[in-house]
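Data file: my_file_31.txt. Format and content: compact mmCIF, C-alpha atoms.
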# COMPACT_ATOMS: atom_id res chain seq x y z
CA MET H 59 116.87 184.12 102.87
CA THR H 60 118.42 182.03 100.10
CA PRO H 61 117.25 178.46 99.46
CA ALA H 62 120.55 177.26 100.88
CA ALA H 63 119.89 179.17 104.07
CA CYS H 64 116.44 177.60 104.28
CA LEU H 65 118.09 174.21 103.94
CA THR H 66 120.18 174.75 107.05
CA ALA H 67 117.17 175.95 109.05
CA GLY H 68 118.54 179.38 109.90
CA LEU H 69 121.54 179.06 112.17
CA ILE H 70 121.82 182.81 112.60
CA SER H 71 119.78 185.68 111.20
CA TYR H 72 121.22 189.09 110.48
CA ASN H 73 119.37 192.39 110.67
CA HIS H 74 121.13 194.59 108.13
CA GLU H 75 119.12 197.68 109.08
CA GLU H 76 120.11 197.51 112.73
CA ASP H 77 123.55 196.03 111.96
CA THR H 78 123.06 193.43 114.66
CA MET H 79 123.36 189.69 114.71
CA LYS H 80 120.82 187.48 116.44
CA LEU H 81 121.29 183.78 116.93
CA THR H 82 117.97 182.16 116.16
CA ASN H 83 118.11 178.47 115.39
CA PHE H 84 120.93 175.97 115.57
CA ALA H 85 119.05 173.09 113.92
CA GLY H 86 121.14 173.52 110.79
CA LEU H 87 124.41 173.24 112.68
CA ALA H 88 123.19 170.18 114.55
CA LEU H 89 122.20 168.55 111.27
CA ALA H 90 125.57 169.44 109.79
CA CYS H 91 127.33 167.77 112.69
CA LEU H 92 125.13 164.70 112.41
CA LEU H 93 125.85 164.35 108.70
CA ALA H 94 129.57 164.78 109.29
CA CYS H 95 129.48 162.04 111.92
CA ASN H 96 128.85 159.48 109.19
CA VAL H 97 132.17 159.92 107.38
CA ALA H 98 134.53 158.74 110.11
CA GLY H 99 134.84 155.27 108.57
CA LEU H 100 135.28 156.29 104.94
CA ALA H 101 135.73 153.33 102.61
CA ALA H 102 136.73 151.03 105.49
CA PRO H 103 135.93 147.32 105.09
CA ALA H 104 132.86 146.15 106.99
CA ALA H 105 134.91 143.94 109.32
CA ALA H 106 137.23 146.82 110.19
CA GLN H 107 134.28 149.11 110.85
CA ALA H 108 132.71 146.56 113.18
CA ALA H 109 135.91 146.46 115.26
CA ASP H 110 136.30 150.24 115.34
CA PRO H 111 134.84 151.96 118.44
CA VAL H 112 134.40 155.21 116.49
CA GLN H 113 132.32 153.46 113.85
CA ALA H 114 130.26 151.73 116.54
CA ILE H 115 129.54 155.09 118.15
CA GLN H 116 128.68 156.81 114.87
CA SER H 117 126.28 154.05 113.88
CA ALA H 118 124.37 154.32 117.18
CA ALA H 119 121.60 156.86 116.62
CA ASP H 120 119.37 155.86 119.53
CA PRO H 121 120.00 157.98 122.66
CA ALA H 122 119.57 154.96 124.93
CA ARG H 123 122.21 153.04 123.00
CA LEU H 124 124.55 156.04 123.07
CA GLN H 125 124.13 156.40 126.83
CA SER H 126 124.89 152.70 127.27
CA LEU H 127 128.09 153.12 125.27
CA LEU H 128 128.90 156.26 127.27
CA ALA H 129 128.69 154.43 130.59
CA ALA H 130 131.00 151.72 129.30
CA TRP H 131 133.65 154.13 128.04
CA GLN H 132 133.50 156.35 131.12
CA ALA H 133 134.31 153.26 133.20
CA SER H 134 137.08 152.14 130.85
CA SER H 135 140.83 152.44 131.39
CA ASP H 136 141.47 152.52 127.64
CA PRO H 137 143.86 155.40 126.79
CA ASP H 138 141.35 156.66 124.22
CA ALA H 139 138.31 156.35 126.50
CA ALA H 140 137.99 160.12 127.05
CA PHE H 141 137.80 160.63 123.30
CA TYR H 142 135.19 157.93 122.78
CA ALA H 143 133.12 159.31 125.67
CA GLY H 144 133.47 162.84 124.31
CA LEU H 145 132.37 161.74 120.86
CA ILE H 146 129.29 160.06 122.33
CA LEU H 147 128.51 163.16 124.38
CA HIS H 148 128.93 165.32 121.27
CA ASN H 149 126.41 163.18 119.38
CA LEU H 150 124.00 163.30 122.31
CA ALA H 151 124.45 167.09 122.38
CA ILE H 152 123.24 167.28 118.79
CA GLN H 153 119.90 166.13 120.16
CA ASP H 154 120.02 168.00 123.49
CA ALA H 155 122.79 170.59 123.71
CA ALA H 156 121.70 171.96 127.08
CA ARG H 157 122.11 168.56 128.69
CA TRP H 158 125.20 167.17 126.98
CA ALA H 159 127.34 169.79 125.19
CA GLU H 160 129.28 171.05 128.21
CA SER H 161 130.20 167.50 129.21
CA ALA H 162 131.28 166.79 125.63
CA VAL H 163 133.65 169.76 125.66
CA ALA H 164 135.08 168.70 129.03
CA SER H 165 135.65 165.08 128.01
CA LEU H 166 137.27 165.98 124.70
CA ALA H 167 139.45 168.61 126.40
CA ALA H 168 140.58 165.97 128.90
CA TYR H 169 141.72 163.60 126.16
CA ARG H 170 145.50 163.20 126.23
CA GLY H 171 145.97 160.36 123.76
CA GLY H 172 147.76 160.78 120.47
CA ARG H 173 145.71 158.52 118.23
CA TYR H 174 142.74 160.89 117.92
CA ALA H 175 144.37 164.19 118.88
CA ALA H 176 143.23 166.14 115.81
CA LEU H 177 139.79 164.53 115.62
CA ALA H 178 139.20 165.21 119.32
CA LEU H 179 140.07 168.86 118.74
CA ALA H 180 137.63 169.09 115.83
CA TYR H 181 134.75 167.53 117.75
CA ARG H 182 135.56 169.68 120.75
CA GLY H 183 135.22 172.72 118.50
CA SER H 184 131.91 171.43 117.19
CA ALA H 185 130.69 170.83 120.75
CA VAL H 186 131.63 174.41 121.65
CA THR H 187 129.46 175.67 118.79
CA LEU H 188 126.61 173.54 120.12
CA LEU H 189 127.08 175.24 123.48
CA ALA H 190 126.51 178.50 121.63
CA SER H 191 122.96 177.36 120.96
CA VAL H 192 122.44 177.02 124.70
CA ASP H 193 123.70 180.57 125.25
CA ASN H 194 121.34 181.76 122.54
CA GLN H 195 118.35 180.04 124.13
CA ARG H 196 119.22 181.81 127.36
CA GLY H 197 119.29 185.16 125.56
CA ASN H 198 123.06 185.67 125.77
CA VAL H 199 123.89 186.48 122.16
CA VAL H 200 127.32 187.90 122.97
CA ALA H 201 128.41 184.69 124.67
CA ALA H 202 126.94 182.63 121.84
CA SER H 203 128.90 184.60 119.24
CA SER H 204 132.08 184.21 121.27
CA ARG H 205 131.59 180.45 121.50
CA LEU H 206 131.07 180.23 117.74
CA ASN H 207 134.41 181.97 117.19
CA SER H 208 136.12 179.69 119.70
CA GLY H 209 134.60 176.58 118.17
CA PHE H 210 135.78 177.45 114.68
CA ALA H 211 139.25 178.28 115.99
CA LEU H 212 139.48 174.75 117.42
CA MET H 213 138.31 173.19 114.15
CA ASP H 214 140.87 175.26 112.25
CA GLN H 215 143.59 173.98 114.58
CA ALA H 216 142.42 170.42 113.95
CA VAL H 217 142.81 170.88 110.20
CA LEU H 218 146.32 172.22 110.73
CA LEU H 219 147.14 169.12 112.78
CA ASP H 220 145.71 166.63 110.28
CA GLY H 221 144.33 168.08 107.08
CA GLN H 222 144.20 164.61 105.51
CA ASP H 223 141.49 163.39 107.89
CA LEU H 224 138.29 163.68 105.86
CA ALA H 225 136.07 163.43 108.95
CA ILE H 226 137.69 166.64 110.21
CA ARG H 227 137.31 168.27 106.81
CA PHE H 228 133.63 167.37 106.56
CA LEU H 229 132.93 168.55 110.10
CA ARG H 230 134.53 171.96 109.53
CA LEU H 231 132.98 172.20 106.06
CA GLU H 232 129.42 171.68 107.25
CA ASN H 233 129.80 174.09 110.15
CA GLY H 234 131.39 176.68 107.86
CA LEU H 235 128.61 176.44 105.30
CA ALA H 236 125.93 176.88 107.95
CA ILE H 237 127.60 180.04 109.24
CA SER H 238 128.29 181.50 105.80
CA GLU H 239 124.77 180.87 104.52
CA THR H 240 123.04 182.59 107.40
CA THR H 241 125.32 185.35 108.71
CA PRO H 242 127.24 188.31 107.27
CA PHE H 243 130.47 186.49 108.11
CA SER H 244 132.11 184.34 105.48
CA ARG H 245 134.00 181.09 105.96
CA GLN H 246 134.42 180.69 102.21
CA PRO H 247 138.24 180.34 102.18
CA ALA H 248 138.04 177.44 104.65
CA ILE H 249 135.04 175.96 102.83
CA THR H 250 136.93 176.05 99.54
CA ALA H 251 140.00 174.46 101.11
CA ASP H 252 137.91 171.67 102.63
CA LEU H 253 136.11 170.97 99.36
CA GLN H 254 139.41 170.83 97.51
CA ALA H 255 140.85 168.36 100.03
CA ILE H 256 137.75 166.17 99.94
CA GLY H 257 137.58 166.36 96.15
CA LEU H 258 141.10 164.97 95.86
CA ALA H 259 139.92 161.92 97.80
CA GLU H 260 136.53 161.57 96.09
CA ALA H 261 137.32 158.08 94.79
CA SER H 262 137.63 156.84 98.39
CA LEU H 263 134.22 158.16 99.47
CA ASP H 264 131.22 155.93 99.90
CA PRO H 265 128.09 157.00 97.94
CA ALA H 266 126.47 158.82 100.87
CA SER H 267 129.64 160.78 101.62
CA ARG H 268 130.04 161.61 97.92
CA ALA H 269 126.47 162.93 97.90
CA LEU H 270 127.30 165.07 100.94
CA TYR H 271 130.35 166.41 99.12
CA TYR H 272 128.37 167.44 96.04
CA LEU H 273 125.62 168.95 98.18
CA ALA H 274 128.27 171.07 99.90
CA CYS H 275 129.64 172.09 96.49
CA ALA H 276 126.15 173.21 95.48
CA ARG H 277 125.72 175.25 98.64
CA LEU H 278 129.02 177.02 98.04
CA LYS H 279 128.02 177.78 94.44
CA LEU H 280 124.78 179.31 95.73
CA LEU H 281 126.76 181.50 98.11
CA GLN H 282 128.78 182.61 95.10
CA ARG H 283 125.57 183.21 93.09
CA GLN H 284 126.49 180.57 90.51
CA ALA H 285 123.06 179.01 90.07
CA ALA H 286 123.84 176.85 87.03
CA ALA H 287 126.88 175.31 88.71
CA ALA H 288 124.84 174.74 91.88
CA LEU H 289 122.16 172.88 89.94
CA ALA H 290 124.77 170.63 88.34
CA CYS H 291 126.18 169.77 91.77
CA LEU H 292 122.72 169.03 93.16
CA TYR H 293 122.03 166.57 90.36
CA ARG H 294 125.37 164.89 91.08
CA ALA H 295 124.49 164.62 94.78
CA ILE H 296 121.15 162.99 93.96
CA ASP H 297 122.76 160.58 91.50
CA CYS H 298 125.36 159.49 94.06
CA ALA H 299 122.95 158.43 96.80
CA PRO H 300 119.32 159.48 96.25
CA GLN H 301 118.05 157.95 99.51
CA SER H 302 120.83 159.29 101.73
CA ALA H 303 120.29 162.30 103.99
CA ALA H 304 122.34 164.46 101.62
CA GLY H 305 120.50 163.10 98.59
CA ARG H 306 117.15 163.97 100.14
CA GLN H 307 118.36 167.46 101.06
CA ALA H 308 119.62 167.94 97.51
CA ARG H 309 116.17 167.08 96.14
CA GLN H 310 114.52 169.51 98.56
CA LEU H 311 116.92 172.30 97.63
CA LEU H 312 116.51 171.55 93.93
CA ALA H 313 112.73 171.82 94.29
CA ARG H 314 113.11 175.21 95.96
CA LEU H 315 115.39 176.47 93.23
CA GLU H 316 113.03 175.30 90.50
CA GLU H 317 109.94 176.96 92.02
Go ahead and render the structure in this file as structure tokens.
Amino acid sequence: MTPAACLTAGLISYNHEEDTMKLTNFAGLALACLLACNVAGLAAPAAAQAADPVQAIQSAADPARLQSLLAAWQASSDPDAAFYAGLILHNLAIQDAARWAESAVASLAAYRGGRYAALALAYRGSAVTLLASVDNQRGNVVAASSRLNSGFALMDQAVLLDGQDLAIRFLRLENGLAISETTPFSRQPAITADLQAIGLAEASLDPASRALYYLACARLKLLQRQAAAALACLYRAIDCAPQSAAGRQARQLLARLEE
């Protein structure tokens, strides 16, 4: 397994001798989703973020706090309540997919508002991929593989609806990297498209999101066996935000590459 595959904790392993795919560990995908959650309020002023329900949800890491927010939105008549509830359920599913992922998919599928149509589709796709981990744990690899395909199809549709939304781009990017690093299937065309779109908006990214961007660039370069370019991107990621989650991952990956 490549260092990049180690970084994502082995979403799927592939047995080339038997030509079979076995889903083994979705920790990498869950981490990818969690990292992508943090870019929904890119470069927004602090006051605007405080008034934004999405930002309030994304900044709530504690399950008890998330469940409190969930109860409030499920009881709300706000036209976007189903989206907010689905987003909370998605984030809870990152921590416990068996308990929350199915409800996340249902809530996001029920959303009929226009404000978050594309973002709801993207998070619904991500929640479907989290459901795949549940299928895997139950030994149903065929169903898990099918859900992965369905989840990516939804994320692709979301990009077609609103390719300028960087939260959608980051979410699809992280999921695509995890799959491409650890399976025989490649999402490199979509990964490249997402990196290009994010790169055009780099000036608007906060330091942590910029670090995540350069970490993703490094992971793609490793997939392409361009070690020197990958190292350069890792150093950029660390320089952008050394104490961020992406900065710490970049240091870990750099240490592996330099062993």
(message) Counting only C-alpha atoms, which residue out of H:Gln113, H:Ala143, H:Leu292, H:Ala151 sits closest to Ser126 (chain H)?
(response) H:Ala143
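Near (120.8, 172.5, 126.7), the residues inside the 10 Å limit, counting all atoms listed in the file, come to Ala151, Ile152, Gln153, Asp154, Ala155, Ala156, Arg157, Trp158, Ala159, Glu160, Leu188, Leu189, Ala190, Ser191, Val192, Asp193, Gln195 and Arg196 of chain H.
Residue nearest Leu273 (chain H), chosen from H:Cys298, H:Ile249, H:Ala308, H:Ala122 and counting only C-alpha atoms: H:Ala308.
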(request) Have a look at H:Leu147, H:Ala202, H:Ala133, H:Ile256 and name the one nearest to Asp223 (chain H); count all atoms listed in the file. (result) H:Ile256
Set up a box along x, y and z of the file covering all listed atoms of region 173-182 of chain H, add 4 Å on every one of the six sides, and write the centre and edge lengths in Å to one decimal, as AutoDock Vina command-line options.
--center_x 140.2 --center_y 164.1 --center_z 118.2 --size_x 19.0 --size_y 19.2 --size_z 13.1
(message) Report, in Å to a single decimal, how far apart CA of Gly183 (chain H) and CA of Leu212 (chain H) are.
(response) 4.8 Å
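You can rank H:Ser117, H:Asn149, H:Gln125, H:Asn233 by their closest distance to Gly209 (chain H) using all atoms listed in the file, and at the top of that list sits H:Asn233.
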(message) So that I can see what lies close to Ala162 (chain H), please list as number ranges by chain the residues with an atom at most 9 Å from it, counting only C-alpha atoms and leaving out residues fewer than 5 positions away in the same chain.
(response) H: 143-151, 167, 181-182, 185-186
Output C-alpha atoms for every residue in the selection just made, as a PDB file, keeping the file's coordinate frame.
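Saved file selection.pdb follows:
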ATOM      1  CA  ALA H 143     133.120 159.310 125.670  1.00  0.00           C
ATOM      2  CA  GLY H 144     133.470 162.840 124.310  1.00  0.00           C
ATOM      3  CA  LEU H 145     132.370 161.740 120.860  1.00  0.00           C
ATOM      4  CA  ILE H 146     129.290 160.060 122.330  1.00  0.00           C
ATOM      5  CA  LEU H 147     128.510 163.160 124.380  1.00  0.00           C
ATOM      6  CA  HIS H 148     128.930 165.320 121.270  1.00  0.00           C
ATOM      7  CA  ASN H 149     126.410 163.180 119.380  1.00  0.00           C
ATOM      8  CA  LEU H 150     124.000 163.300 122.310  1.00  0.00           C
ATOM      9  CA  ALA H 151     124.450 167.090 122.380  1.00  0.00           C
ATOM     10  CA  ALA H 167     139.450 168.610 126.400  1.00  0.00           C
ATOM     11  CA  TYR H 181     134.750 167.530 117.750  1.00  0.00           C
ATOM     12  CA  ARG H 182     135.560 169.680 120.750  1.00  0.00           C
ATOM     13  CA  ALA H 185     130.690 170.830 120.750  1.00  0.00           C
ATOM     14  CA  VAL H 186     131.630 174.410 121.650  1.00  0.00           C
TER      15      VAL H 186
END
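The two atoms in question, CA of Arg230 (chain H) and CA of Arg306 (chain H), are spaced 21.3 Å apart.
Between CA of Arg277 (chain H) and CA of Leu289 (chain H) the interatomic distance comes to 9.7 Å.
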(request) Write out as a PyMOL selection string the residues lying within 9 Å of Ile226 (chain H), counting only C-alpha atoms and excluding same-chain residues fewer than 4 positions away. (result) chain H and resi 94+98+176-177+180-181+213+216-217+220-222+230-231
(message) Counting all atoms listed in the file, which residue out of H:Arg245, H:Arg314, H:Arg268, H:Arg283 sits closest to Ile296 (chain H)?
(response) H:Arg268
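Distances from H:Gln310, H:Ser238, H:Ser267, H:Ser262 to Lys279 (chain H) were compared using all atoms listed in the file, and the smallest one belongs to H:Ser238.
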